[in-house]
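Structure file model.txt (compact mmCIF, C-alpha atoms and all ligand atoms) follows.
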```
# COMPACT_ATOMS: atom_id res chain seq x y z
CA MET A 254 -10.80 -48.68 143.13
CA ILE A 255 -12.72 -46.28 145.36
CA MET A 256 -11.67 -43.26 143.30
CA ILE A 257 -12.51 -44.98 140.00
CA SER A 258 -15.85 -46.18 141.40
CA LEU A 259 -16.70 -42.65 142.50
CA VAL A 260 -15.88 -41.24 139.05
CA ILE A 261 -17.97 -43.91 137.31
CA ILE A 262 -20.92 -43.55 139.70
CA ILE A 263 -20.89 -39.75 139.39
CA SER A 264 -20.70 -39.78 135.58
CA PHE A 265 -23.47 -42.38 135.26
CA SER A 266 -25.64 -40.40 137.69
CA VAL A 267 -25.07 -37.24 135.67
CA ILE A 268 -26.08 -39.06 132.48
CA TYR A 269 -29.27 -40.29 134.14
CA PHE A 270 -30.06 -36.95 135.75
CA VAL A 271 -29.65 -35.07 132.45
CA SER A 272 -31.86 -37.59 130.61
CA TYR A 273 -34.44 -37.38 133.39
CA GLN A 274 -34.52 -33.59 133.20
CA ASN A 275 -34.75 -33.65 129.40
CA THR A 276 -37.63 -36.12 129.45
CA LYS A 277 -39.41 -34.09 132.10
CA ASN A 278 -38.97 -30.85 130.15
CA ASP A 279 -40.08 -32.53 126.92
CA ASN A 280 -43.22 -33.85 128.60
CA ARG A 281 -43.98 -30.45 130.16
CA GLN A 282 -43.57 -28.82 126.77
CA LYS A 283 -45.81 -31.39 125.07
CA LEU A 284 -48.39 -30.91 127.81
CA GLU A 285 -48.40 -27.16 127.28
CA MET A 286 -48.62 -27.39 123.53
CA SER A 287 -51.38 -29.98 123.64
CA LEU A 288 -53.58 -27.71 125.76
CA TYR A 289 -56.62 -27.14 123.67
CA TYR A 290 -60.03 -26.50 124.99
CA PRO A 291 -63.15 -26.26 122.86
CA SER A 292 -64.75 -22.89 122.51
CA SER A 293 -68.08 -24.66 122.25
CA THR A 294 -69.28 -28.23 122.30
CA TYR A 295 -66.74 -30.92 121.76
CA SER A 296 -66.62 -32.04 118.18
CA SER A 297 -63.82 -33.28 116.03
CA ALA A 298 -64.26 -30.21 113.87
CA ASN A 299 -62.98 -28.07 116.74
CA LEU A 300 -59.67 -29.90 116.94
CA PRO A 301 -56.66 -28.09 115.53
CA THR A 302 -55.03 -29.92 112.64
CA ASP A 303 -51.44 -29.66 113.89
CA LEU A 304 -51.93 -31.84 116.93
CA ALA A 305 -49.91 -34.73 115.52
CA GLY A 306 -47.78 -36.22 118.29
CA TYR A 307 -50.05 -34.80 120.98
CA ASP A 308 -52.67 -37.48 120.60
CA LEU A 309 -51.61 -38.74 124.02
CA SER A 310 -53.44 -35.93 125.73
CA PHE A 311 -56.97 -35.01 126.74
CA THR A 312 -58.49 -31.84 128.18
CA LEU A 313 -61.34 -31.50 130.65
CA LEU A 314 -63.31 -28.42 131.60
CA VAL A 315 -64.49 -28.54 135.16
CA ASN A 316 -67.04 -26.30 136.89
CA ASP A 317 -66.82 -24.89 140.41
CA SER A 318 -68.28 -28.00 142.01
CA GLY A 319 -65.66 -30.17 140.30
CA LYS A 320 -67.98 -31.63 137.67
CA VAL A 321 -66.64 -32.24 134.18
CA THR A 322 -68.59 -30.09 131.76
CA GLN A 323 -66.68 -30.46 128.54
CA ILE A 324 -64.19 -33.00 127.17
CA ARG A 325 -61.66 -32.85 124.38
CA SER A 326 -60.02 -36.23 123.99
CA PHE A 327 -58.25 -38.65 121.66
CA PHE A 328 -59.06 -41.47 124.03
CA GLU A 329 -62.20 -43.51 124.13
CA LEU A 330 -63.14 -43.28 127.76
CA THR A 331 -66.54 -42.97 129.46
CA GLN A 332 -67.83 -39.82 131.12
CA GLU A 333 -67.33 -41.50 134.53
CA GLU A 334 -63.73 -42.26 133.77
CA TYR A 335 -63.05 -38.68 132.76
CA GLN A 336 -64.74 -37.53 135.96
CA GLN A 337 -62.50 -39.92 137.89
CA ALA A 338 -59.40 -38.44 136.19
CA ALA A 339 -60.54 -34.93 137.11
CA ASP A 340 -61.16 -36.00 140.72
CA ILE A 341 -57.70 -37.52 141.03
CA ALA A 342 -56.05 -34.45 139.48
CA LEU A 343 -57.95 -32.00 141.67
CA SER A 344 -57.30 -33.97 144.85
CA GLN A 345 -53.53 -33.81 144.33
CA HIS A 346 -51.36 -30.80 145.00
CA GLY A 347 -48.63 -29.77 142.63
CA GLY A 348 -48.00 -31.11 139.16
CA SER A 349 -46.86 -34.58 140.16
CA THR A 350 -47.40 -37.70 138.08
CA ILE A 351 -50.66 -39.57 138.64
CA ARG A 352 -51.77 -43.12 137.93
CA PHE A 353 -54.98 -43.60 136.06
CA GLN A 354 -56.28 -46.35 133.75
CA ASP A 355 -52.99 -48.24 134.30
CA LYS A 356 -51.07 -45.40 132.78
CA GLN A 357 -48.98 -42.55 134.10
CA TRP A 358 -50.05 -39.01 133.44
CA ILE A 359 -48.91 -35.50 134.04
CA TYR A 360 -51.41 -32.67 134.05
CA THR A 361 -51.95 -28.94 134.49
CA VAL A 362 -54.85 -27.15 136.08
CA GLU A 363 -55.49 -23.61 134.83
CA ASN A 364 -58.34 -21.13 134.83
CA HIS A 365 -59.56 -19.94 131.42
CA LEU A 366 -62.47 -17.99 130.02
CA VAL A 367 -64.55 -20.38 127.96
CA THR A 368 -67.92 -20.33 126.28
CA GLU A 369 -70.62 -21.62 128.58
CA VAL A 370 -72.77 -24.50 127.33
CA TRP A 371 -76.18 -25.78 128.28
CA PRO A 372 -76.41 -29.31 129.62
CA ASN A 373 -77.62 -30.34 126.16
CA GLY A 374 -74.37 -29.06 124.70
CA GLN A 375 -75.78 -25.86 123.18
CA SER A 376 -73.77 -22.68 123.68
CA THR A 377 -75.35 -20.11 126.00
CA GLY A 378 -73.34 -17.38 124.31
CA TYR A 379 -71.66 -16.30 127.58
CA LEU A 380 -68.00 -16.50 128.51
CA VAL A 381 -67.34 -17.97 131.94
CA GLU A 382 -64.17 -18.72 133.86
CA GLN A 383 -63.67 -22.43 134.20
CA ARG A 384 -60.96 -24.77 135.34
CA VAL A 385 -59.21 -26.48 132.48
CA ILE A 386 -57.34 -29.72 133.26
CA ASN A 387 -55.00 -30.97 130.59
CA PHE A 388 -53.64 -34.53 130.79
CA LEU A 389 -50.72 -36.12 128.96
CA ASP A 390 -49.93 -39.82 128.90
CA VAL A 391 -46.22 -40.17 129.80
CA THR A 392 -46.15 -43.95 130.32
CA THR A 393 -43.83 -44.65 127.37
CA SER A 394 -41.35 -41.91 128.12
CA LEU A 395 -41.17 -42.92 131.80
CA ALA A 396 -40.70 -46.54 130.72
CA ALA A 397 -37.86 -45.44 128.45
CA LEU A 398 -36.34 -43.59 131.39
CA ASN A 399 -36.61 -46.74 133.52
CA ARG A 400 -34.95 -48.79 130.82
CA LEU A 401 -32.15 -46.24 130.69
CA LEU A 402 -31.75 -46.51 134.46
CA ILE A 403 -31.52 -50.31 134.33
CA THR A 404 -29.07 -50.16 131.42
CA LEU A 405 -26.90 -47.67 133.29
CA ILE A 406 -26.90 -49.77 136.46
CA VAL A 407 -25.97 -52.94 134.56
CA ALA A 408 -23.28 -51.07 132.60
CA MET A 409 -21.96 -49.59 135.84
CA VAL A 410 -21.75 -52.95 137.59
CA VAL A 411 -20.06 -54.55 134.58
CA THR A 412 -17.62 -51.63 134.23
CA LEU A 413 -16.78 -51.67 137.93
CA ALA A 414 -16.23 -55.43 137.87
CA GLY A 415 -14.01 -55.06 134.79
CA VAL A 416 -12.04 -52.21 136.33
CA PHE A 417 -11.68 -54.21 139.52
CA LEU A 418 -10.29 -57.26 137.73
CA ILE A 419 -7.93 -55.16 135.61
CA SER A 420 -6.71 -53.27 138.69
CA LEU A 421 -6.19 -56.53 140.52
CA VAL A 422 -4.10 -58.03 137.71
CA PHE A 423 -2.00 -54.90 137.23
CA ALA A 424 -1.56 -54.24 140.92
CA ASN A 425 -0.33 -57.78 141.48
CA ARG A 426 1.98 -57.52 138.50
CA ALA A 427 3.36 -54.20 139.70
CA ILE A 428 3.89 -55.50 143.22
CA LYS A 429 5.54 -58.75 142.12
CA PRO A 430 9.14 -57.51 141.64
CA ILE A 431 8.92 -55.51 144.86
CA SER A 432 7.67 -58.47 146.85
CA ASN A 433 10.30 -60.73 145.26
CA THR A 434 13.04 -58.28 146.24
CA TRP A 435 11.58 -58.04 149.72
CA GLU A 436 11.53 -61.84 150.08
CA ALA A 437 15.10 -62.12 148.75
CA GLN A 438 16.22 -59.44 151.19
CA LYS A 439 14.65 -61.24 154.14
CA GLN A 440 16.20 -64.53 153.05
CA PHE A 441 19.58 -62.83 152.69
CA VAL A 442 19.49 -61.34 156.17
CA SER A 443 18.46 -64.63 157.71
CA ASP A 444 21.19 -66.57 155.81
CA ALA A 445 23.84 -64.02 156.73
CA SER A 446 22.87 -64.14 160.42
CA HIS A 447 22.90 -67.90 160.34
CA GLU A 448 26.39 -67.96 158.83
CA LEU A 449 27.66 -65.47 161.43
CA LYS A 450 26.28 -67.56 164.26
CA THR A 451 28.48 -70.59 163.57
CA PRO A 452 31.91 -68.91 163.92
CA LEU A 453 30.63 -66.85 166.84
CA SER A 454 29.59 -69.94 168.75
CA THR A 455 32.99 -71.53 167.98
CA ILE A 456 34.67 -68.45 169.45
CA THR A 457 32.44 -68.39 172.54
CA ALA A 458 32.83 -72.10 173.24
CA ASN A 459 36.63 -71.91 173.02
CA TYR A 460 36.68 -68.75 175.13
CA ASP A 461 34.74 -70.61 177.84
CA VAL A 462 37.30 -73.43 177.81
CA LEU A 463 40.09 -70.87 178.15
CA MET A 464 38.33 -69.16 181.04
CA SER A 465 37.86 -72.40 182.92
CA ASN A 466 41.64 -72.97 182.85
CA LYS A 467 42.86 -69.54 183.90
CA GLU A 468 45.96 -70.79 185.66
CA GLU A 469 47.30 -72.50 182.49
CA THR A 470 49.89 -70.81 180.29
CA VAL A 471 49.02 -69.33 176.91
CA GLU A 472 51.39 -71.86 175.35
CA SER A 473 49.37 -74.79 176.67
CA GLN A 474 46.12 -73.27 175.47
CA MET A 475 47.22 -72.76 171.86
CA LYS A 476 44.73 -75.37 170.61
CA TRP A 477 41.72 -73.37 171.82
CA LEU A 478 43.22 -70.11 170.66
CA GLY A 479 43.75 -71.68 167.24
CA TYR A 480 40.04 -72.63 167.02
CA MET A 481 39.11 -69.11 168.01
CA LYS A 482 41.34 -67.73 165.26
CA ILE A 483 39.62 -69.98 162.71
CA GLY A 484 36.23 -68.65 163.81
CA ILE A 485 37.47 -65.07 163.62
CA ASP A 486 38.95 -65.62 160.16
CA ARG A 487 35.69 -67.09 158.91
CA MET A 488 33.78 -64.09 160.21
CA ILE A 489 36.25 -61.73 158.55
CA LYS A 490 35.87 -63.59 155.24
CA LEU A 491 32.08 -63.53 155.49
CA ILE A 492 31.97 -59.85 156.34
CA ASN A 493 34.37 -59.04 153.52
CA ASP A 494 32.22 -61.04 151.11
CA LEU A 495 29.07 -59.26 152.28
CA LEU A 496 30.75 -55.88 151.94
CA SER A 497 31.96 -56.82 148.47
CA LEU A 498 28.43 -57.78 147.42
CA ALA A 499 26.96 -54.59 148.89
CA LYS A 500 29.55 -52.47 147.13
CA ILE A 501 29.14 -54.16 143.77
CA GLU A 502 25.37 -54.00 143.89
CA ASP A 503 25.36 -50.35 144.92
CA ILE A 504 24.41 -48.58 141.70
CA ASN A 505 25.98 -45.38 143.00
CA VAL A 506 29.43 -46.95 143.08
CA LYS A 507 30.92 -46.43 139.63
CA ILE A 508 33.49 -48.79 138.16
CA SER A 509 36.78 -47.31 137.03
CA LYS A 510 37.58 -48.62 133.55
CA GLU A 511 41.12 -48.70 132.30
CA ARG A 512 43.08 -50.57 129.61
CA PHE A 513 44.99 -53.56 130.85
CA ASP A 514 46.48 -56.84 129.63
CA LEU A 515 44.00 -59.53 130.72
CA SER A 516 46.34 -62.33 129.64
CA ALA A 517 49.05 -61.04 131.97
CA LEU A 518 46.59 -60.53 134.80
CA ILE A 519 45.28 -64.10 134.61
CA SER A 520 48.72 -65.63 134.22
CA ALA A 521 49.88 -63.80 137.34
CA ALA A 522 46.81 -64.93 139.28
CA ILE A 523 47.45 -68.56 138.32
CA GLU A 524 51.08 -68.21 139.50
CA THR A 525 50.03 -67.04 142.93
CA MET A 526 47.55 -69.90 143.39
CA GLN A 527 49.67 -72.65 141.92
CA ALA A 528 50.81 -73.80 145.38
CA ARG A 529 47.24 -74.95 146.06
CA THR A 530 47.09 -77.03 142.91
CA HIS A 531 50.34 -78.74 143.97
CA GLU A 532 48.85 -79.49 147.38
CA LYS A 533 46.08 -81.49 145.77
CA ASN A 534 48.35 -82.77 143.04
CA ILE A 535 46.10 -81.25 140.38
CA ASN A 536 47.07 -81.46 136.74
CA LEU A 537 46.79 -77.88 135.46
CA GLU A 538 46.34 -77.26 131.72
CA LEU A 539 46.69 -73.71 130.44
CA ASP A 540 45.68 -72.24 127.10
CA ILE A 541 46.09 -68.51 127.52
CA GLN A 542 46.11 -66.42 124.36
CA PRO A 543 48.68 -63.69 124.98
CA ASN A 544 48.22 -59.92 124.72
CA ILE A 545 44.46 -59.70 125.16
CA VAL A 546 43.92 -56.09 126.13
CA ILE A 547 40.53 -55.01 127.45
CA ASP A 548 38.90 -51.90 128.88
CA SER A 549 37.52 -52.80 132.27
CA ASP A 550 38.14 -52.80 136.01
CA ALA A 551 41.21 -55.01 136.52
CA GLU A 552 40.62 -55.54 140.22
CA LEU A 553 37.05 -56.79 139.72
CA VAL A 554 38.01 -59.04 136.79
CA LEU A 555 40.76 -60.54 138.94
CA GLN A 556 38.23 -61.16 141.71
CA VAL A 557 35.94 -63.06 139.31
CA PHE A 558 38.78 -65.18 137.98
CA THR A 559 40.02 -65.95 141.51
CA ILE A 560 36.53 -67.07 142.59
CA LEU A 561 36.24 -69.47 139.63
CA PHE A 562 39.78 -70.80 139.94
CA ASP A 563 39.35 -71.24 143.70
CA ASN A 564 36.15 -73.25 143.15
CA ALA A 565 37.81 -75.38 140.47
CA ILE A 566 40.61 -76.31 142.86
CA LYS A 567 38.21 -76.78 145.77
CA TYR A 568 35.69 -78.98 143.95
CA THR A 569 37.99 -81.21 141.96
CA GLU A 570 39.19 -84.48 143.44
CA GLU A 571 42.80 -85.22 144.44
CA ASN A 572 44.91 -85.77 141.29
CA GLY A 573 42.12 -84.17 139.24
CA ASP A 574 42.36 -81.94 136.19
CA VAL A 575 41.82 -78.22 135.97
CA SER A 576 42.15 -76.41 132.67
CA ILE A 577 42.01 -72.70 132.03
CA SER A 578 41.62 -71.05 128.68
CA LEU A 579 41.50 -67.42 127.63
CA GLN A 580 40.58 -66.43 124.10
CA GLY A 581 39.81 -63.18 122.38
CA ALA A 582 36.80 -63.27 120.08
CA LYS A 583 34.74 -60.52 118.39
CA ASN A 584 35.48 -57.67 120.81
CA ARG A 585 35.13 -60.05 123.71
CA ALA A 586 37.53 -61.89 125.92
CA VAL A 587 36.27 -65.33 126.94
CA CYS A 588 37.74 -67.12 129.91
CA GLN A 589 36.88 -70.74 130.73
CA VAL A 590 37.72 -72.61 133.90
CA ARG A 591 37.07 -76.33 133.73
CA ASN A 592 37.60 -78.94 136.40
CA SER A 593 37.12 -82.67 136.52
CA GLY A 594 35.09 -84.20 139.28
CA GLU A 595 31.67 -85.54 140.07
CA ALA A 596 29.14 -84.55 137.42
CA ILE A 597 26.71 -81.89 138.69
CA SER A 598 23.27 -81.48 137.20
CA ASN A 599 22.72 -78.32 135.17
CA GLU A 600 19.89 -77.49 137.56
CA THR A 601 22.28 -77.36 140.49
CA LEU A 602 24.71 -75.31 138.43
CA ALA A 603 22.03 -72.71 137.71
CA LYS A 604 21.41 -72.38 141.44
CA ALA A 605 25.12 -72.13 142.22
CA PHE A 606 24.95 -68.41 141.42
CA ASP A 607 22.41 -67.81 144.20
CA ARG A 608 23.62 -66.26 147.40
CA PHE A 609 24.51 -68.73 150.14
CA TYR A 610 23.82 -71.67 147.84
CA ARG A 611 26.01 -74.70 148.40
CA ALA A 612 25.39 -77.98 146.68
CA ASP A 613 25.11 -81.22 148.68
CA SER A 614 25.49 -81.23 152.45
CA SER A 615 28.33 -78.72 152.63
CA ARG A 616 26.08 -76.49 154.75
CA THR A 617 26.24 -78.99 157.58
CA SER A 618 30.00 -79.03 157.43
CA SER A 619 30.23 -75.25 157.41
CA ALA A 620 32.04 -75.33 160.72
CA SER A 621 35.03 -76.90 159.03
CA GLU A 622 37.65 -74.40 158.08
CA ASN A 623 37.60 -74.68 154.30
CA ALA A 624 33.83 -74.83 153.81
CA GLY A 625 32.71 -71.82 151.84
CA PHE A 626 29.70 -69.60 152.44
CA GLY A 627 28.20 -70.05 149.01
CA LEU A 628 28.79 -66.40 148.21
CA GLY A 629 31.70 -66.71 145.75
CA LEU A 630 29.68 -67.25 142.59
CA SER A 631 27.03 -64.69 143.51
CA ILE A 632 29.78 -62.10 143.92
CA ALA A 633 31.26 -63.16 140.57
CA LYS A 634 27.87 -62.84 138.92
CA ALA A 635 27.22 -59.41 140.45
CA ILE A 636 30.61 -58.19 139.23
CA ILE A 637 30.10 -59.55 135.71
CA ASN A 638 26.67 -57.92 135.56
CA LYS A 639 28.22 -54.64 136.59
CA LEU A 640 30.89 -55.01 133.89
CA ASP A 641 28.22 -55.79 131.25
CA GLY A 642 29.66 -59.23 130.69
CA GLU A 643 28.24 -62.73 130.82
CA ILE A 644 28.86 -65.62 133.14
CA SER A 645 27.61 -69.18 132.83
CA ALA A 646 28.12 -72.69 134.04
CA GLU A 647 27.86 -75.87 132.05
CA ASN A 648 28.23 -79.55 132.61
CA THR A 649 30.32 -81.26 129.91
CA GLU A 650 31.83 -84.69 129.50
CA ALA A 651 35.22 -83.24 130.45
CA GLY A 652 33.84 -81.81 133.68
CA THR A 653 32.24 -78.68 135.04
CA VAL A 654 32.91 -75.53 133.01
CA PHE A 655 32.47 -72.02 134.37
CA SER A 656 33.08 -69.30 131.82
CA PHE A 657 32.80 -65.54 131.69
CA SER A 658 33.15 -63.07 128.88
CA ILE A 659 33.72 -59.33 128.93
N1 LIG B 1 33.89 -75.78 139.87
C1 LIG B 1 32.89 -76.33 140.57
N2 LIG B 1 32.67 -77.65 140.52
C2 LIG B 1 31.67 -78.21 141.21
N3 LIG B 1 30.79 -77.53 141.97
C3 LIG B 1 30.94 -76.19 142.05
C4 LIG B 1 31.98 -75.52 141.35
N4 LIG B 1 31.88 -74.22 141.61
C5 LIG B 1 30.83 -74.08 142.46
N5 LIG B 1 30.25 -75.25 142.73
C6 LIG B 1 29.10 -75.49 143.58
O1 LIG B 1 28.39 -74.28 143.71
C7 LIG B 1 28.28 -73.89 145.07
C8 LIG B 1 28.40 -72.40 145.21
O2 LIG B 1 29.69 -71.93 144.89
P1 LIG B 1 30.23 -70.61 145.52
O3 LIG B 1 31.59 -70.35 144.98
O4 LIG B 1 29.20 -69.58 145.30
O5 LIG B 1 30.29 -70.93 147.06
P2 LIG B 1 31.33 -71.77 147.89
O6 LIG B 1 32.50 -72.11 147.04
O7 LIG B 1 30.59 -72.89 148.50
O8 LIG B 1 31.72 -70.75 149.03
P3 LIG B 1 32.60 -69.41 148.89
O9 LIG B 1 33.01 -69.31 147.47
O10 LIG B 1 31.70 -68.36 149.35
O11 LIG B 1 33.74 -69.63 149.80
C9 LIG B 1 29.40 -74.63 145.76
O12 LIG B 1 29.09 -74.88 147.10
C10 LIG B 1 29.51 -75.90 144.95
O13 LIG B 1 28.57 -76.84 145.44
MG MG B 2 33.53 -70.58 145.98
```

Translate this structure into C-alpha cells?
Ligand SMILES: Nc1ncnc2c1ncn2[C@@H]1O[C@H](COP(=O)(O)OP(=O)(O)OP(=O)(O)O)[C@@H](O)[C@H]1O
Ligand SMILES: [Mg+2]
Amino acid sequence: MIMISLVIIISFSVIYFVSYQNTKNDNRQKLEMSLYYPSSTYSSANLPTDLAGYDLSFTLLVNDSGKVTQIRSFFELTQEEYQQAADIALSQHGGSTIRFQDKQWIYTVENHLVTEVWPNGQSTGYLVEQRVINFLDVTTSLAALNRLLITLIVAMVVTLAGVFLISLVFANRAIKPISNTWEAQKQFVSDASHELKTPLSTITANYDVLMSNKEETVESQMKWLGYMKIGIDRMIKLINDLLSLAKIEDINVKISKERFDLSALISAAIETMQARTHEKNINLELDIQPNIVIDSDAELVLQVFTILFDNAIKYTEENGDVSISLQGAKNRAVCQVRNSGEAISNETLAKAFDRFYRADSSRTSSASENAGFGLGLSIAKAIINKLDGEISAENTEAGTVFSFSI
C-alpha cells in the first residue's frame, strides 16, 4: 500500500507541477506579448489590431516619483485605481502575483524610452526614459489550476481508497489457504500430542504400580505388564499411522506403479482378515470380478482396502452383514465395502475422512484397546489422492458404503 501510494502521489504531483509550470509560462508569455505602451497620448487608435486574447492586460507609464502618466487599458478603471495598481506593483519585489480589484495579476516593470507628454496630453516631442508597468489578469487561469488541484486530490483519495480495498480483498484471499493450512497443522499437532498422552499415562501408571511392588515376581505382575504392552502397542500404531500420513503427503516421495491383479490382491486380503469376521459372527458377502489388472502401487491399494474392511468389521454389530464388491468399469476398478449397522448421517460420513475424527463418544473410550485414532480414513484418502483415484462414503438403506475407484 505504501509503495502504491507513493507512486500515485508522485505521479499526481508531477501532473500538477507540469500544469502549474505550463500555466505560469503561458501567462508570462501573454504578459510579454501584451506589453504595449503608447508612443503618445492614449487613444484607441494607438492600439495594435492583433491584441485579441490579450484584452486582460493594461499598461501604465510611471514617472520617477511613481505617478502614473499614461495608461493603455482594456479595463474601465479610474485614474486613482490605476495609481493604486502602480503603487502595489512598485512596492513589491520580484514578479510575484498581486491582488487588486478582487482579481489576481502578474506584472512586469521595465524601463523604456517613450515620448514625453504635457499634463494636458499633448506630446512635448522629446523621448524620455520611463518605467512601464504591464499587468495581466490571471484570475481565470489560476482558478483553473486550483480546480485541477482539487480534482487531482479527489481522484487521488478515491484511487488510494480503491487500491486499498482491492489490496485488502486480494491479500486476504491469497492468505486464506496459507492460514487454513497453518490452522490445520496446529490442530494436527495438538491432536497427535493428545493421542500420545493417553498411552503414555497408561504406561507410567502401570510402571508406578510395578515399582511399588519390587519384591514381587514378574509372573505375579503380568497384569500390569500387559497394560503397559497395550499402551506401547497403541503408541506404535499411532506413530506408524503418522509416519504413513507424512510419507504419503510428501510430494517428493514418488509412487512406484506396476501391473498387478487387483482381484487377487483383495481376495488374499479378505482371507487374512476372515478370522475377525468369524469372531463377530459377521455374514460376509463377496462379489469380486476376477482378473482385474491395474497399474498402480499394490502396497498402497492394499492399505486402503484394509482400512475400509477393518472399519466395516469394527463398526458393524455382532451377527451383522459386510459385503465387498469389486468391478471393472471404463478403465477404472471400483471397490465397494458395505456394512450393516446404525445409520450414520451423510454429514458425519463427510467428516470421517478428517484426521483424528471419530464419530460419537469413541474419543472418550480411546483408552480401550480397540478404539481407533480416527486416522484410518484420512490415510486412505491421502493414498487415493496420491493414486489419482476417488474415495467416497454414502449412507444407503443397506448400510454404510465406502467405495474407492482407481
Ligand atoms: N464402516 C463404517 N461404519 C460406520 N462408521 C464408520 C465406518 N468407517 C468409519 N466410520 C466412522 O468414521 C470414523 C473415522 O474412521 P477412521 O477409520 O478414520 O478412524 P477409526 O476407525 O476411528 O480409527 P483408526 O482407523 O485410526 O484405527 C470412525 O471413528 C467411525 O465413527
Ligand atoms: Mg478405522

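Between ligand MG 2 (chain B) and the residues A:Gly378, A:Gly625, A:Gly642, A:Gly594, the shortest atom-to-atom distance, using only C-alpha atoms and all ligand atoms, involves A:Gly625.
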
Quick one: residues within 10 Å of A:Thr412, all atoms listed in the file, excluding same-chain residues fewer than 6 positions away - as number ranges by chain?
A: 258, 261, 406, 418

Restrict the selected residues to C-alpha atoms and save them as an mmCIF file, keeping the file's coordinate frame.
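Written output follows (result-v6.cif):
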```cif
data_model
loop_
_atom_site.group_PDB
_atom_site.id
_atom_site.type_symbol
_atom_site.label_atom_id
_atom_site.label_comp_id
_atom_site.auth_asym_id
_atom_site.auth_seq_id
_atom_site.Cartn_x
_atom_site.Cartn_y
_atom_site.Cartn_z
ATOM 1 C CA SER A 258 -15.850 -46.180 141.400
ATOM 2 C CA ILE A 261 -17.970 -43.910 137.310
ATOM 3 C CA ILE A 406 -26.900 -49.770 136.460
ATOM 4 C CA LEU A 418 -10.290 -57.260 137.730
#
```

Expected answer as a ChimeraX atom specification: all residues with atoms within 7 Å of (43.4, -72.8, 136.1), all atoms listed in the file
/A:523,537-539,562,575-577,590

Selection from above, C-alpha atoms, as a compact mmCIF listing (two decimals), in the frame of the given file, can you write it?
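Result went into part.txt, see below:
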```txt
# COMPACT_ATOMS: atom_id res chain seq x y z
CA ILE A 523 47.45 -68.56 138.32
CA LEU A 537 46.79 -77.88 135.46
CA GLU A 538 46.34 -77.26 131.72
CA LEU A 539 46.69 -73.71 130.44
CA PHE A 562 39.78 -70.80 139.94
CA VAL A 575 41.82 -78.22 135.97
CA SER A 576 42.15 -76.41 132.67
CA ILE A 577 42.01 -72.70 132.03
CA VAL A 590 37.72 -72.61 133.90
```

Counting all atoms listed in the file, which residue out of A:Leu491, A:Leu553, A:Ala528, A:Ile597 sits closest to ligand MG 2 (chain B)?
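Checking each candidate against ligand MG 2 (chain B), we get A:Leu491 as the closest.
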
Name the residues, by chain letter and number, that sit within 8 Å of ligand LIG 1 (chain B) using only C-alpha atoms and all ligand atoms, and give them as a VMD selection string.
chain A and resid 491 494 560 to 569 590 to 597 601 to 602 604 to 613 615 623 to 632 653 to 655

Those same residues, written as an mmCIF file, in the frame of the given file with C-alpha atoms?
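Result file follows (part-v5.cif):
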```cif
data_model
loop_
_atom_site.group_PDB
_atom_site.id
_atom_site.type_symbol
_atom_site.label_atom_id
_atom_site.label_comp_id
_atom_site.auth_asym_id
_atom_site.auth_seq_id
_atom_site.Cartn_x
_atom_site.Cartn_y
_atom_site.Cartn_z
ATOM 1 C CA LEU A 491 32.080 -63.530 155.490
ATOM 2 C CA ASP A 494 32.220 -61.040 151.110
ATOM 3 C CA ILE A 560 36.530 -67.070 142.590
ATOM 4 C CA LEU A 561 36.240 -69.470 139.630
ATOM 5 C CA PHE A 562 39.780 -70.800 139.940
ATOM 6 C CA ASP A 563 39.350 -71.240 143.700
ATOM 7 C CA ASN A 564 36.150 -73.250 143.150
ATOM 8 C CA ALA A 565 37.810 -75.380 140.470
ATOM 9 C CA ILE A 566 40.610 -76.310 142.860
ATOM 10 C CA LYS A 567 38.210 -76.780 145.770
ATOM 11 C CA TYR A 568 35.690 -78.980 143.950
ATOM 12 C CA THR A 569 37.990 -81.210 141.960
ATOM 13 C CA VAL A 590 37.720 -72.610 133.900
ATOM 14 C CA ARG A 591 37.070 -76.330 133.730
ATOM 15 C CA ASN A 592 37.600 -78.940 136.400
ATOM 16 C CA SER A 593 37.120 -82.670 136.520
ATOM 17 C CA GLY A 594 35.090 -84.200 139.280
ATOM 18 C CA GLU A 595 31.670 -85.540 140.070
ATOM 19 C CA ALA A 596 29.140 -84.550 137.420
ATOM 20 C CA ILE A 597 26.710 -81.890 138.690
ATOM 21 C CA THR A 601 22.280 -77.360 140.490
ATOM 22 C CA LEU A 602 24.710 -75.310 138.430
ATOM 23 C CA LYS A 604 21.410 -72.380 141.440
ATOM 24 C CA ALA A 605 25.120 -72.130 142.220
ATOM 25 C CA PHE A 606 24.950 -68.410 141.420
ATOM 26 C CA ASP A 607 22.410 -67.810 144.200
ATOM 27 C CA ARG A 608 23.620 -66.260 147.400
ATOM 28 C CA PHE A 609 24.510 -68.730 150.140
ATOM 29 C CA TYR A 610 23.820 -71.670 147.840
ATOM 30 C CA ARG A 611 26.010 -74.700 148.400
ATOM 31 C CA ALA A 612 25.390 -77.980 146.680
ATOM 32 C CA ASP A 613 25.110 -81.220 148.680
ATOM 33 C CA SER A 615 28.330 -78.720 152.630
ATOM 34 C CA ASN A 623 37.600 -74.680 154.300
ATOM 35 C CA ALA A 624 33.830 -74.830 153.810
ATOM 36 C CA GLY A 625 32.710 -71.820 151.840
ATOM 37 C CA PHE A 626 29.700 -69.600 152.440
ATOM 38 C CA GLY A 627 28.200 -70.050 149.010
ATOM 39 C CA LEU A 628 28.790 -66.400 148.210
ATOM 40 C CA GLY A 629 31.700 -66.710 145.750
ATOM 41 C CA LEU A 630 29.680 -67.250 142.590
ATOM 42 C CA SER A 631 27.030 -64.690 143.510
ATOM 43 C CA ILE A 632 29.780 -62.100 143.920
ATOM 44 C CA THR A 653 32.240 -78.680 135.040
ATOM 45 C CA VAL A 654 32.910 -75.530 133.010
ATOM 46 C CA PHE A 655 32.470 -72.020 134.370
#
```

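The nearest approach to ligand MG 2 (chain B) among the residues A:Ser310, A:Ser432, A:Gln556, A:Asn544, with only C-alpha atoms and all ligand atoms taken into account, belongs to A:Gln556.
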
Looking at A:Ala635, A:Ile489, A:Leu284, A:Glu570, which one is nearest to A:Ile535, with distances taken over all atoms listed in the file?
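Closest candidate: A:Glu570.
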
Atom CA of A:Asp550 to atom CA of A:Ala586, straight-line distance in Å:
13.6 Å

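Picture a line from atom CA of A:His447 to atom CA of A:Leu496; it runs 16.6 Å.
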
Could you check the closest approach to ligand MG 2 (chain B) for each of A:Thr368, A:Lys634, A:Leu640, A:Arg400 and tell me which residue wins, using all atoms listed in the file?
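Using all atoms listed in the file, ligand MG 2 (chain B) sits closest to A:Lys634.
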